[in-house]
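Below: the structure, in structure tokens.
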Amino acid sequence: MKNRPIAFLVVAASMTPFTVHPCTSAVIGQSASNSGCSMLWKHRDTSHSENYVDTVRSADPRFDYVALFNSEDTLKQEAWAGVNRAGFAIMNTVAGNLPRNSRLWKDREGFLMSRALQSCVTVEDFRNLLDTLPRPLGVQANFGVIDKEGRGAYFETGDNGYEVFWVHDTA
């Protein structure tokens, strides 16, 4: 009889009429990879099943980048993962534990990642970008970032701020 409430919750949860589409990701430090390079890993779960990878040229060649875009984004304005020539890379996952965005200002993660690829060289540059952008940011995401020097971090980011979780390497 003690297990009956748990069994009920399991059955009720399995019958709940909603679909969850979480992304799974990892920021891997230099000492944890065979190549000695930091890495980003992401499994993208999205309702946008048609995507493409393309380059974006910049006035400053350091900020030329390669990124993943949704197929309807022909102007390449919303990068969903990418790396620039300076060695800065970024990805994101939805952060369902953060307060929801307002209906008027949301789903801006791709715009923010494009801006980061166009202007960041280091993880600290990304932190400075987040510090200087106007609020609300229109995001509800964990941004995984690495740079050429091997530094990496997750930025759990909402409309009005963020918390940093650094990848500490033992090398």
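By order in the structure tokens, chains are A, B, ...; within a chain, residues start at 1; ligands start at 1, following the order shown.
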
Inset, instruction - Please give the complete set of residues from chain A that DSSP, run on the backbone, assigns to alpha helix (DSSP H), formatted as a count of residues only. - result: 30

Can you build me a table of region 94-135 of chain A residues sitting at most 8 Å from region 40-63 of chain A, with the closest atom pair per residue and its distance in Å to one decimal, using only C-alpha atoms, sorted by chain and residue number, as JSON lines?
```
{"residue": "A:Leu117", "atom": "CA", "partner": "A:Phe63", "partner_atom": "CA", "distance": 6.5}
{"residue": "A:Gln118", "atom": "CA", "partner": "A:Phe63", "partner_atom": "CA", "distance": 5.0}
{"residue": "A:Ser119", "atom": "CA", "partner": "A:Phe63", "partner_atom": "CA", "distance": 6.5}
{"residue": "A:Cys120", "atom": "CA", "partner": "A:Phe63", "partner_atom": "CA", "distance": 7.8}
```

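Distance annotation: of A:Leu129, A:Gln77, A:Ala86, A:Lys148, the residue with the minimal separation from Gly36 (chain A) is A:Lys148; atom set is only C-alpha atoms.
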
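With only C-alpha atoms as the basis for measurement, A:Ala141 is the residue among A:Leu75, A:Leu112, A:Ala32, A:Ala141 that approaches Ala95 (chain A) most closely.
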
Inset, instruction - From a DSSP calculation on the backbone, collect every residue of region 61-139 of chain A in strand (DSSP E or B) and output the set as a ChimeraX atom specification. - result: /A:65-70,81-84,89-94,102,105
